[in-house]
>>> print(open('model33.pdb').read())   # PDB, C-alpha atoms and all ligand atoms
ATOM      1  CA  MET A   1     -37.801   7.367   1.475  1.00  0.00           C
ATOM      2  CA  GLU A   2     -36.662   4.536  -0.797  1.00  0.00           C
ATOM      3  CA  ARG A   3     -33.139   3.382  -1.492  1.00  0.00           C
ATOM      4  CA  THR A   4     -32.036   1.606  -4.631  1.00  0.00           C
ATOM      5  CA  LEU A   5     -28.898  -0.148  -5.794  1.00  0.00           C
ATOM      6  CA  VAL A   6     -27.003   0.807  -8.910  1.00  0.00           C
ATOM      7  CA  LEU A   7     -23.955  -0.932 -10.381  1.00  0.00           C
ATOM      8  CA  PHE A   8     -21.626   0.657 -12.880  1.00  0.00           C
ATOM      9  CA  LYS A   9     -20.497  -2.282 -14.955  1.00  0.00           C
ATOM     10  CA  PRO A  10     -16.880  -2.889 -16.080  1.00  0.00           C
ATOM     11  CA  ASP A  11     -17.472  -1.063 -19.384  1.00  0.00           C
ATOM     12  CA  VAL A  12     -18.054   2.193 -17.447  1.00  0.00           C
ATOM     13  CA  LEU A  13     -14.587   2.203 -15.881  1.00  0.00           C
ATOM     14  CA  GLN A  14     -12.955   0.906 -19.050  1.00  0.00           C
ATOM     15  CA  ARG A  15     -14.575   3.645 -21.134  1.00  0.00           C
ATOM     16  CA  GLY A  16     -13.958   6.431 -18.611  1.00  0.00           C
ATOM     17  CA  LEU A  17     -17.655   7.187 -18.146  1.00  0.00           C
ATOM     18  CA  LEU A  18     -17.959   6.908 -14.362  1.00  0.00           C
ATOM     19  CA  GLY A  19     -17.994  10.623 -13.499  1.00  0.00           C
ATOM     20  CA  ARG A  20     -20.431  11.543 -16.227  1.00  0.00           C
ATOM     21  CA  ILE A  21     -22.884   8.787 -15.301  1.00  0.00           C
ATOM     22  CA  ILE A  22     -22.742   9.406 -11.534  1.00  0.00           C
ATOM     23  CA  ALA A  23     -23.399  13.082 -12.312  1.00  0.00           C
ATOM     24  CA  ARG A  24     -26.767  12.156 -13.827  1.00  0.00           C
ATOM     25  CA  PHE A  25     -27.937  10.721 -10.501  1.00  0.00           C
ATOM     26  CA  GLU A  26     -26.710  13.781  -8.625  1.00  0.00           C
ATOM     27  CA  LYS A  27     -28.334  16.147 -11.095  1.00  0.00           C
ATOM     28  CA  LYS A  28     -31.635  14.276 -10.878  1.00  0.00           C
ATOM     29  CA  GLY A  29     -31.678  14.720  -7.110  1.00  0.00           C
ATOM     30  CA  LEU A  30     -31.026  11.181  -5.917  1.00  0.00           C
ATOM     31  CA  LYS A  31     -28.887  11.333  -2.794  1.00  0.00           C
ATOM     32  CA  ILE A  32     -25.785   9.130  -2.798  1.00  0.00           C
ATOM     33  CA  VAL A  33     -25.757   7.151   0.450  1.00  0.00           C
ATOM     34  CA  GLY A  34     -23.129   4.545  -0.477  1.00  0.00           C
ATOM     35  CA  LEU A  35     -20.373   4.317  -3.078  1.00  0.00           C
ATOM     36  CA  LYS A  36     -17.612   1.759  -3.507  1.00  0.00           C
ATOM     37  CA  MET A  37     -15.328   0.089  -6.015  1.00  0.00           C
ATOM     38  CA  LEU A  38     -15.125  -3.675  -5.942  1.00  0.00           C
ATOM     39  CA  ARG A  39     -14.568  -6.774  -7.976  1.00  0.00           C
ATOM     40  CA  MET A  40     -17.671  -8.987  -8.205  1.00  0.00           C
ATOM     41  CA  SER A  41     -16.941 -12.620  -7.363  1.00  0.00           C
ATOM     42  CA  PRO A  42     -18.386 -15.437  -9.505  1.00  0.00           C
ATOM     43  CA  ALA A  43     -20.460 -16.490  -6.457  1.00  0.00           C
ATOM     44  CA  THR A  44     -21.923 -12.997  -6.118  1.00  0.00           C
ATOM     45  CA  ALA A  45     -22.608 -12.886  -9.870  1.00  0.00           C
ATOM     46  CA  LYS A  46     -24.555 -16.159  -9.606  1.00  0.00           C
ATOM     47  CA  GLU A  47     -26.576 -14.733  -6.720  1.00  0.00           C
ATOM     48  CA  HIS A  48     -27.110 -11.331  -8.318  1.00  0.00           C
ATOM     49  CA  TYR A  49     -28.142 -12.836 -11.663  1.00  0.00           C
ATOM     50  CA  ALA A  50     -29.901 -15.909 -10.226  1.00  0.00           C
ATOM     51  CA  HIS A  51     -32.814 -15.323 -12.640  1.00  0.00           C
ATOM     52  CA  LEU A  52     -30.436 -15.699 -15.585  1.00  0.00           C
ATOM     53  CA  THR A  53     -27.984 -18.504 -14.716  1.00  0.00           C
ATOM     54  CA  ALA A  54     -29.765 -20.958 -17.050  1.00  0.00           C
ATOM     55  CA  LYS A  55     -29.581 -18.602 -20.063  1.00  0.00           C
ATOM     56  CA  PRO A  56     -27.090 -19.290 -22.845  1.00  0.00           C
ATOM     57  CA  PHE A  57     -25.520 -15.843 -22.397  1.00  0.00           C
ATOM     58  CA  TYR A  58     -24.941 -16.324 -18.651  1.00  0.00           C
ATOM     59  CA  PRO A  59     -21.322 -17.603 -18.821  1.00  0.00           C
ATOM     60  CA  GLY A  60     -20.378 -14.545 -20.892  1.00  0.00           C
ATOM     61  CA  LEU A  61     -22.253 -12.238 -18.516  1.00  0.00           C
ATOM     62  CA  GLU A  62     -20.479 -13.692 -15.478  1.00  0.00           C
ATOM     63  CA  LYS A  63     -17.088 -13.387 -17.186  1.00  0.00           C
ATOM     64  CA  PHE A  64     -17.823  -9.767 -18.139  1.00  0.00           C
ATOM     65  CA  MET A  65     -19.040  -8.767 -14.681  1.00  0.00           C
ATOM     66  CA  THR A  66     -16.216 -10.448 -12.740  1.00  0.00           C
ATOM     67  CA  HIS A  67     -13.241  -9.793 -14.995  1.00  0.00           C
ATOM     68  CA  HIS A  68     -12.734  -6.096 -14.182  1.00  0.00           C
ATOM     69  CA  PRO A  69     -13.697  -3.852 -11.258  1.00  0.00           C
ATOM     70  CA  ILE A  70     -17.141  -2.333 -10.948  1.00  0.00           C
ATOM     71  CA  VAL A  71     -18.572   0.477  -8.835  1.00  0.00           C
ATOM     72  CA  ALA A  72     -21.616   0.001  -6.606  1.00  0.00           C
ATOM     73  CA  MET A  73     -23.782   2.908  -5.524  1.00  0.00           C
ATOM     74  CA  ALA A  74     -26.792   3.179  -3.228  1.00  0.00           C
ATOM     75  CA  VAL A  75     -29.026   6.200  -3.738  1.00  0.00           C
ATOM     76  CA  GLU A  76     -32.006   7.521  -1.827  1.00  0.00           C
ATOM     77  CA  GLY A  77     -35.083   9.453  -2.893  1.00  0.00           C
ATOM     78  CA  VAL A  78     -38.857   9.369  -3.227  1.00  0.00           C
ATOM     79  CA  GLU A  79     -39.685   6.386  -5.498  1.00  0.00           C
ATOM     80  CA  ALA A  80     -35.940   5.898  -5.996  1.00  0.00           C
ATOM     81  CA  VAL A  81     -36.323   2.381  -7.445  1.00  0.00           C
ATOM     82  CA  GLU A  82     -38.606   3.479 -10.281  1.00  0.00           C
ATOM     83  CA  VAL A  83     -36.572   6.622 -10.924  1.00  0.00           C
ATOM     84  CA  GLY A  84     -33.358   4.563 -11.067  1.00  0.00           C
ATOM     85  CA  ARG A  85     -34.852   2.223 -13.674  1.00  0.00           C
ATOM     86  CA  LYS A  86     -36.081   5.190 -15.710  1.00  0.00           C
ATOM     87  CA  LEU A  87     -32.653   6.838 -15.674  1.00  0.00           C
ATOM     88  CA  ALA A  88     -31.057   3.531 -16.741  1.00  0.00           C
ATOM     89  CA  GLY A  89     -33.411   2.796 -19.659  1.00  0.00           C
ATOM     90  CA  VAL A  90     -34.438  -0.614 -21.020  1.00  0.00           C
ATOM     91  CA  THR A  91     -32.030  -3.575 -21.086  1.00  0.00           C
ATOM     92  CA  ASN A  92     -31.355  -3.467 -24.829  1.00  0.00           C
ATOM     93  CA  SER A  93     -29.511  -0.174 -25.143  1.00  0.00           C
ATOM     94  CA  ARG A  94     -30.287   0.085 -28.845  1.00  0.00           C
ATOM     95  CA  LYS A  95     -33.975   0.300 -27.900  1.00  0.00           C
ATOM     96  CA  ALA A  96     -33.422   2.532 -24.853  1.00  0.00           C
ATOM     97  CA  GLU A  97     -34.787   6.057 -25.152  1.00  0.00           C
ATOM     98  CA  ALA A  98     -32.288   8.776 -25.934  1.00  0.00           C
ATOM     99  CA  GLY A  99     -31.733  10.682 -22.704  1.00  0.00           C
ATOM    100  CA  THR A 100     -31.526   7.517 -20.629  1.00  0.00           C
ATOM    101  CA  ILE A 101     -28.096   6.274 -19.578  1.00  0.00           C
ATOM    102  CA  ARG A 102     -28.251   3.146 -21.740  1.00  0.00           C
ATOM    103  CA  GLY A 103     -29.838   5.140 -24.538  1.00  0.00           C
ATOM    104  CA  ASP A 104     -27.001   7.644 -24.510  1.00  0.00           C
ATOM    105  CA  PHE A 105     -23.948   5.538 -23.661  1.00  0.00           C
ATOM    106  CA  SER A 106     -24.398   2.045 -25.086  1.00  0.00           C
ATOM    107  CA  MET A 107     -25.252   0.047 -28.209  1.00  0.00           C
ATOM    108  CA  SER A 108     -25.548  -3.308 -26.437  1.00  0.00           C
ATOM    109  CA  THR A 109     -27.894  -5.574 -24.461  1.00  0.00           C
ATOM    110  CA  SER A 110     -24.951  -6.988 -22.554  1.00  0.00           C
ATOM    111  CA  ARG A 111     -22.375  -4.174 -22.346  1.00  0.00           C
ATOM    112  CA  ASN A 112     -25.130  -1.886 -21.158  1.00  0.00           C
ATOM    113  CA  VAL A 113     -23.133   0.139 -18.604  1.00  0.00           C
ATOM    114  CA  ILE A 114     -25.492   0.041 -15.657  1.00  0.00           C
ATOM    115  CA  HIS A 115     -27.572  -2.146 -13.384  1.00  0.00           C
ATOM    116  CA  ALA A 116     -30.477  -0.716 -11.420  1.00  0.00           C
ATOM    117  CA  ALA A 117     -32.595  -2.788  -9.006  1.00  0.00           C
ATOM    118  CA  ASP A 118     -36.036  -3.533 -10.428  1.00  0.00           C
ATOM    119  CA  SER A 119     -38.201  -3.573  -7.276  1.00  0.00           C
ATOM    120  CA  LEU A 120     -38.066  -2.356  -3.705  1.00  0.00           C
ATOM    121  CA  GLU A 121     -37.585  -5.908  -2.475  1.00  0.00           C
ATOM    122  CA  ALA A 122     -34.706  -6.488  -4.902  1.00  0.00           C
ATOM    123  CA  ALA A 123     -33.185  -3.122  -4.000  1.00  0.00           C
ATOM    124  CA  GLN A 124     -33.113  -3.989  -0.296  1.00  0.00           C
ATOM    125  CA  LYS A 125     -31.515  -7.387  -0.977  1.00  0.00           C
ATOM    126  CA  GLU A 126     -29.019  -5.933  -3.422  1.00  0.00           C
ATOM    127  CA  ILE A 127     -27.955  -3.070  -1.152  1.00  0.00           C
ATOM    128  CA  ALA A 128     -27.268  -5.648   1.565  1.00  0.00           C
ATOM    129  CA  ARG A 129     -25.350  -7.756  -0.989  1.00  0.00           C
ATOM    130  CA  PHE A 130     -22.888  -4.971  -1.793  1.00  0.00           C
ATOM    131  CA  PHE A 131     -22.755  -2.752   1.314  1.00  0.00           C
ATOM    132  CA  ARG A 132     -22.144  -3.359   4.979  1.00  0.00           C
ATOM    133  CA  LYS A 133     -24.248  -1.237   7.349  1.00  0.00           C
ATOM    134  CA  GLU A 134     -21.361   1.091   8.175  1.00  0.00           C
ATOM    135  CA  GLU A 135     -20.768   1.760   4.467  1.00  0.00           C
ATOM    136  CA  LEU A 136     -24.220   3.367   4.133  1.00  0.00           C
ATOM    137  CA  PHE A 137     -24.702   6.940   5.281  1.00  0.00           C
ATOM    138  CA  ASP A 138     -27.653   8.768   6.810  1.00  0.00           C
ATOM    139  CA  TYR A 139     -27.224  12.473   6.350  1.00  0.00           C
ATOM    140  CA  ALA A 140     -29.301  15.499   5.413  1.00  0.00           C
ATOM    141  CA  LEU A 141     -28.953  17.361   2.144  1.00  0.00           C
ATOM    142  CA  VAL A 142     -28.912  21.051   2.974  1.00  0.00           C
ATOM    143  CA  LEU A 143     -30.944  21.843  -0.165  1.00  0.00           C
ATOM    144  CA  HIS A 144     -33.523  19.116   0.553  1.00  0.00           C
ATOM    145  CA  GLU A 145     -36.496  21.513   0.454  1.00  0.00           C
ATOM    146  CA  TYR A 146     -35.504  22.507  -3.084  1.00  0.00           C
ATOM    147  CA  PHE A 147     -35.734  18.899  -4.272  1.00  0.00           C
ATOM    148  CA  TYR A 148     -39.165  18.056  -2.792  1.00  0.00           C
ATOM    149  CA  ALA A 149     -42.275  19.864  -1.621  1.00  0.00           C
ATOM    150  CA  GLU A 150     -43.438  18.890   1.866  1.00  0.00           C
ATOM    151  CA  ASP A 151     -46.491  16.936   0.640  1.00  0.00           C
ATOM    152  CA  GLU A 152     -44.249  14.663  -1.463  1.00  0.00           C
ATOM    153  CA  LEU A 153     -42.383  13.501   1.594  1.00  0.00           C
ATOM    154  CA  LYS A 154     -45.383  11.981   3.424  1.00  0.00           C
TER     155      LYS A 154
HETATM  156  N1  LIG B 201     -28.150  -9.684 -20.457  1.00  0.00           N
HETATM  157  C1  LIG B 201     -27.422 -10.101 -21.555  1.00  0.00           C
HETATM  158  N2  LIG B 201     -28.118 -10.594 -22.642  1.00  0.00           N
HETATM  159  C2  LIG B 201     -29.472 -10.651 -22.675  1.00  0.00           C
HETATM  160  C3  LIG B 201     -30.206 -10.227 -21.549  1.00  0.00           C
HETATM  161  C4  LIG B 201     -29.506  -9.740 -20.453  1.00  0.00           C
HETATM  162  O1  LIG B 201     -26.201 -10.051 -21.565  1.00  0.00           O
HETATM  163  O2  LIG B 201     -30.047 -11.106 -23.688  1.00  0.00           O
HETATM  164  C5  LIG B 201     -27.422  -9.140 -19.299  1.00  0.00           C
HETATM  165  C6  LIG B 201     -27.373  -7.608 -19.339  1.00  0.00           C
HETATM  166  O3  LIG B 201     -26.115  -7.189 -18.844  1.00  0.00           O
HETATM  167  C7  LIG B 201     -28.502  -7.236 -18.399  1.00  0.00           C
HETATM  168  C8  LIG B 201     -28.351  -8.332 -17.334  1.00  0.00           C
HETATM  169  O4  LIG B 201     -28.059  -9.497 -18.086  1.00  0.00           O
HETATM  170  O5  LIG B 201     -28.380  -5.925 -17.911  1.00  0.00           O
HETATM  171  C9  LIG B 201     -29.557  -8.545 -16.461  1.00  0.00           C
HETATM  172  O6  LIG B 201     -30.668  -8.825 -17.260  1.00  0.00           O
HETATM  173  P1  LIG B 201     -32.102  -8.298 -16.865  1.00  0.00           P
HETATM  174  O7  LIG B 201     -33.085  -8.981 -17.754  1.00  0.00           O
HETATM  175  O8  LIG B 201     -32.307  -8.400 -15.393  1.00  0.00           O
HETATM  176  O9  LIG B 201     -32.037  -6.761 -17.354  1.00  0.00           O
HETATM  177  P2  LIG B 201     -31.829  -5.405 -16.545  1.00  0.00           P
HETATM  178  O10 LIG B 201     -32.603  -5.528 -15.260  1.00  0.00           O
HETATM  179  O11 LIG B 201     -30.350  -5.223 -16.325  1.00  0.00           O
HETATM  180  O12 LIG B 201     -32.385  -4.345 -17.447  1.00  0.00           O
HETATM  181 MG    MG B 202     -32.626  -7.012 -13.819  1.00  0.00          MG
END
>>> encode(input="model33.pdb", output="C-alpha cells")
Amino acid sequence: MERTLVLFKPDVLQRGLLGRIIARFEKKGLKIVGLKMLRMSPATAKEHYAHLTAKPFYPGLEKFMTHHPIVAMAVEGVEAVEVGRKLAGVTNSRKAEAGTIRGDFSMSTSRNVIHAADSLEAAQKEIARFFRKEELFDYALVLHEYFYAEDELK
C-alpha cells in the first residue's frame, strides 16, 4: 500500500476551503494516516522546492508558502501517489480539469491550493520531511473491503 504527501497551501486556510478539500480525499477512499498544521520554514521551502530555487518565481513562492500556516496530510491507498496527483490536477489551475481540486478551486499556477508528491520516492522523502514516525498512524478502516476487492490488494 502506498502513502503520499499532500500539503494544503496557505490559500486553503485563508479561503476557508480546508474541510471541503480534505473531504475529497476521504470520499475517494484514501485513508488519512497523518494530519498536522504547521508553518513551513524558509529552509524547508528551499528543500521542498529544490527543483525550483533557480526560477524567477521562487522568491515569491517561498514567501507565499512560509508567510501563513499550512496543513500537511499523509494518505494511504493503492497507487496513492498517482491518485493524489489526479485529484490535485495540473499545476496551472486554469488548465486543470474541472472536477480536480485545482480545476475547481483555483485560477492560478502559484496560488494553486494543493501540493501532491509526484513519485513514490518523492512521497517517502516528503512524508519524512513533514511527519515524525509517531505522527503517522497504522490502523484498519472497518469498511476496507468496500473500498478494494481482494485481488487489488496483492
Ligand atoms: N509554481 C509557480 N509558478 C510556476 C510554476 C510553479 O508559482 O510557474 C509553484 C506552484 O505553487 C507549484 C509549485 O511551484 O505548485 C511547484 O511546482 P511544480 O512544477 O513542482 O508543480 P506541482 O508539482 O505543484 O504541480
Ligand atoms: Mg511538484
>>> resolve_selection(input="model33.pdb", expression="the PyMOL selection byres (((chain A and resi 26-34) around 8) and not hetatm)", output="list in words")
Ile22, Ala23, Arg24, Phe25, Leu35, Lys36, Ala72, Met73, Ala74, Val75, Glu76, Gly77, Ala80, Phe131, Glu135, Leu136, Phe137, Asp138, Leu141 and Phe147 of chain A
>>> residues_near_ligand(input="model33.pdb", ligand="ligand MG 202 (chain B)", cutoff="10 Å", atoms="all atoms listed in the file", output="list in words")
His48, Tyr49, Ala50, His51, Leu52, Arg85, Val90, Thr91, His115, Ala116, Ala117, Asp118, Ser119 and Ala122 of chain A
>>> residues_near_ligand(input="model33.pdb", ligand="ligand LIG 201 (chain B)", cutoff="12 Å", atoms="all atoms listed in the file", output="PyMOL selection string")
chain A and resi 5-11+45-65+81-82+84-93+95-96+101-102+106-119+122-123
>>> closest_residue(input="model33.pdb", among="A:Phe105, A:Leu13, A:Thr44, A:Arg20", to="Pro69 (chain A)", atoms="all atoms listed in the file")
A:Leu13
>>> atom_distance(input="model33.pdb", atom1="CA of His67 (chain A)", atom2="CA of Arg15 (chain A)")
14.8 Å
>>> atom_distance(input="model33.pdb", atom1="CA of Thr4 (chain A)", atom2="CA of Gly99 (chain A)")
20.2 Å
>>> resolve_selection(input="model33.pdb", expression="the PyMOL selection byres (((chain A and resi 37) around 6) and not hetatm)", output="list in words")
Lys36, Leu38, Ile70 and Val71 of chain A
>>> atom_distance(input="model33.pdb", atom1="CA of Leu153 (chain A)", atom2="CA of Val78 (chain A)")
7.3 Å
>>> closest_residue(input="model33.pdb", among="A:Arg132, A:Arg94, A:His68, A:His144", to="Ser41 (chain A)", atoms="all atoms listed in the file")
A:His68
>>> decode(input="model33.pdb", residues="region 88-101 of chain A", atoms="all heavy atoms", output="PDB file, in the first residue's frame")
ATOM      1  N   ALA A  88      -5.458  16.284  -7.496  1.00  0.00           N
ATOM      2  CA  ALA A  88      -4.958  17.661  -7.450  1.00  0.00           C
ATOM      3  C   ALA A  88      -5.182  18.370  -8.789  1.00  0.00           C
ATOM      4  O   ALA A  88      -5.598  19.525  -8.823  1.00  0.00           O
ATOM      5  CB  ALA A  88      -3.477  17.675  -7.087  1.00  0.00           C
ATOM      6  N   GLY A  89      -4.892  17.695  -9.897  1.00  0.00           N
ATOM      7  CA  GLY A  89      -4.947  18.350 -11.208  1.00  0.00           C
ATOM      8  C   GLY A  89      -3.617  18.991 -11.562  1.00  0.00           C
ATOM      9  O   GLY A  89      -2.724  19.076 -10.720  1.00  0.00           O
ATOM     10  N   VAL A  90      -3.485  19.473 -12.796  1.00  0.00           N
ATOM     11  CA  VAL A  90      -2.197  20.008 -13.263  1.00  0.00           C
ATOM     12  C   VAL A  90      -1.873  21.336 -12.575  1.00  0.00           C
ATOM     13  O   VAL A  90      -2.760  22.008 -12.050  1.00  0.00           O
ATOM     14  CB  VAL A  90      -2.156  20.168 -14.810  1.00  0.00           C
ATOM     15  CG1 VAL A  90      -2.310  18.827 -15.499  1.00  0.00           C
ATOM     16  CG2 VAL A  90      -3.213  21.160 -15.292  1.00  0.00           C
ATOM     17  N   THR A  91      -0.572  21.683 -12.614  1.00  0.00           N
ATOM     18  CA  THR A  91      -0.047  22.833 -11.860  1.00  0.00           C
ATOM     19  C   THR A  91      -0.806  24.131 -12.160  1.00  0.00           C
ATOM     20  O   THR A  91      -1.160  24.875 -11.247  1.00  0.00           O
ATOM     21  CB  THR A  91       1.452  23.022 -12.188  1.00  0.00           C
ATOM     22  OG1 THR A  91       2.094  21.753 -12.099  1.00  0.00           O
ATOM     23  CG2 THR A  91       2.103  24.000 -11.225  1.00  0.00           C
ATOM     24  N   ASN A  92      -0.999  24.414 -13.437  1.00  0.00           N
ATOM     25  CA  ASN A  92      -1.728  25.631 -13.816  1.00  0.00           C
ATOM     26  C   ASN A  92      -3.231  25.369 -13.658  1.00  0.00           C
ATOM     27  O   ASN A  92      -3.842  24.696 -14.484  1.00  0.00           O
ATOM     28  CB  ASN A  92      -1.387  26.011 -15.259  1.00  0.00           C
ATOM     29  CG  ASN A  92      -2.147  27.252 -15.720  1.00  0.00           C
ATOM     30  OD1 ASN A  92      -3.093  27.707 -15.052  1.00  0.00           O
ATOM     31  ND2 ASN A  92      -1.739  27.807 -16.849  1.00  0.00           N
ATOM     32  N   SER A  93      -3.788  25.934 -12.614  1.00  0.00           N
ATOM     33  CA  SER A  93      -5.187  25.624 -12.273  1.00  0.00           C
ATOM     34  C   SER A  93      -6.165  26.024 -13.368  1.00  0.00           C
ATOM     35  O   SER A  93      -7.252  25.458 -13.468  1.00  0.00           O
ATOM     36  CB  SER A  93      -5.568  26.341 -10.983  1.00  0.00           C
ATOM     37  OG  SER A  93      -4.699  25.955  -9.951  1.00  0.00           O
ATOM     38  N   ARG A  94      -5.782  27.001 -14.179  1.00  0.00           N
ATOM     39  CA  ARG A  94      -6.693  27.406 -15.261  1.00  0.00           C
ATOM     40  C   ARG A  94      -6.819  26.310 -16.309  1.00  0.00           C
ATOM     41  O   ARG A  94      -7.792  26.229 -17.038  1.00  0.00           O
ATOM     42  CB  ARG A  94      -6.212  28.718 -15.908  1.00  0.00           C
ATOM     43  CG  ARG A  94      -6.325  29.925 -14.986  1.00  0.00           C
ATOM     44  CD  ARG A  94      -5.968  31.218 -15.687  1.00  0.00           C
ATOM     45  NE  ARG A  94      -4.584  31.252 -16.164  1.00  0.00           N
ATOM     46  CZ  ARG A  94      -3.531  31.583 -15.420  1.00  0.00           C
ATOM     47  NH1 ARG A  94      -3.708  31.897 -14.134  1.00  0.00           N
ATOM     48  NH2 ARG A  94      -2.323  31.600 -15.923  1.00  0.00           N
ATOM     49  N   LYS A  95      -5.763  25.457 -16.387  1.00  0.00           N
ATOM     50  CA  LYS A  95      -5.771  24.353 -17.352  1.00  0.00           C
ATOM     51  C   LYS A  95      -6.218  23.036 -16.700  1.00  0.00           C
ATOM     52  O   LYS A  95      -6.396  22.032 -17.373  1.00  0.00           O
ATOM     53  CB  LYS A  95      -4.365  24.146 -17.925  1.00  0.00           C
ATOM     54  CG  LYS A  95      -3.733  25.388 -18.518  1.00  0.00           C
ATOM     55  CD  LYS A  95      -3.742  25.315 -20.031  1.00  0.00           C
ATOM     56  CE  LYS A  95      -2.952  26.431 -20.683  1.00  0.00           C
ATOM     57  NZ  LYS A  95      -3.672  27.733 -20.647  1.00  0.00           N
ATOM     58  N   ALA A  96      -6.353  23.041 -15.382  1.00  0.00           N
ATOM     59  CA  ALA A  96      -6.715  21.802 -14.673  1.00  0.00           C
ATOM     60  C   ALA A  96      -8.157  21.435 -14.996  1.00  0.00           C
ATOM     61  O   ALA A  96      -9.030  22.306 -15.089  1.00  0.00           O
ATOM     62  CB  ALA A  96      -6.520  22.000 -13.171  1.00  0.00           C
ATOM     63  N   GLU A  97      -8.377  20.142 -15.158  1.00  0.00           N
ATOM     64  CA  GLU A  97      -9.724  19.640 -15.476  1.00  0.00           C
ATOM     65  C   GLU A  97     -10.711  20.023 -14.385  1.00  0.00           C
ATOM     66  O   GLU A  97     -10.393  19.927 -13.193  1.00  0.00           O
ATOM     67  CB  GLU A  97      -9.698  18.104 -15.551  1.00  0.00           C
ATOM     68  CG  GLU A  97      -8.893  17.513 -16.688  1.00  0.00           C
ATOM     69  CD  GLU A  97      -9.582  17.673 -18.035  1.00  0.00           C
ATOM     70  OE1 GLU A  97     -10.816  17.803 -18.064  1.00  0.00           O
ATOM     71  OE2 GLU A  97      -8.865  17.679 -19.052  1.00  0.00           O
ATOM     72  N   ALA A  98     -11.891  20.417 -14.783  1.00  0.00           N
ATOM     73  CA  ALA A  98     -12.981  20.594 -13.822  1.00  0.00           C
ATOM     74  C   ALA A  98     -13.185  19.260 -13.114  1.00  0.00           C
ATOM     75  O   ALA A  98     -13.085  18.198 -13.735  1.00  0.00           O
ATOM     76  CB  ALA A  98     -14.249  21.016 -14.541  1.00  0.00           C
ATOM     77  N   GLY A  99     -13.430  19.306 -11.824  1.00  0.00           N
ATOM     78  CA  GLY A  99     -13.560  18.064 -11.058  1.00  0.00           C
ATOM     79  C   GLY A  99     -12.298  17.756 -10.270  1.00  0.00           C
ATOM     80  O   GLY A  99     -12.352  17.035  -9.286  1.00  0.00           O
ATOM     81  N   THR A 100     -11.166  18.311 -10.718  1.00  0.00           N
ATOM     82  CA  THR A 100      -9.952  18.190  -9.902  1.00  0.00           C
ATOM     83  C   THR A 100      -9.965  19.324  -8.867  1.00  0.00           C
ATOM     84  O   THR A 100     -10.723  20.293  -9.010  1.00  0.00           O
ATOM     85  CB  THR A 100      -8.666  18.294 -10.751  1.00  0.00           C
ATOM     86  OG1 THR A 100      -8.594  19.609 -11.332  1.00  0.00           O
ATOM     87  CG2 THR A 100      -8.657  17.240 -11.857  1.00  0.00           C
ATOM     88  N   ILE A 101      -9.133  19.204  -7.857  1.00  0.00           N
ATOM     89  CA  ILE A 101      -9.124  20.225  -6.806  1.00  0.00           C
ATOM     90  C   ILE A 101      -8.666  21.568  -7.363  1.00  0.00           C
ATOM     91  O   ILE A 101      -9.311  22.594  -7.165  1.00  0.00           O
ATOM     92  CB  ILE A 101      -8.244  19.744  -5.627  1.00  0.00           C
ATOM     93  CG1 ILE A 101      -8.950  18.562  -4.952  1.00  0.00           C
ATOM     94  CG2 ILE A 101      -7.981  20.859  -4.630  1.00  0.00           C
ATOM     95  CD1 ILE A 101      -8.071  17.729  -4.048  1.00  0.00           C
TER      96      ILE A 101
END
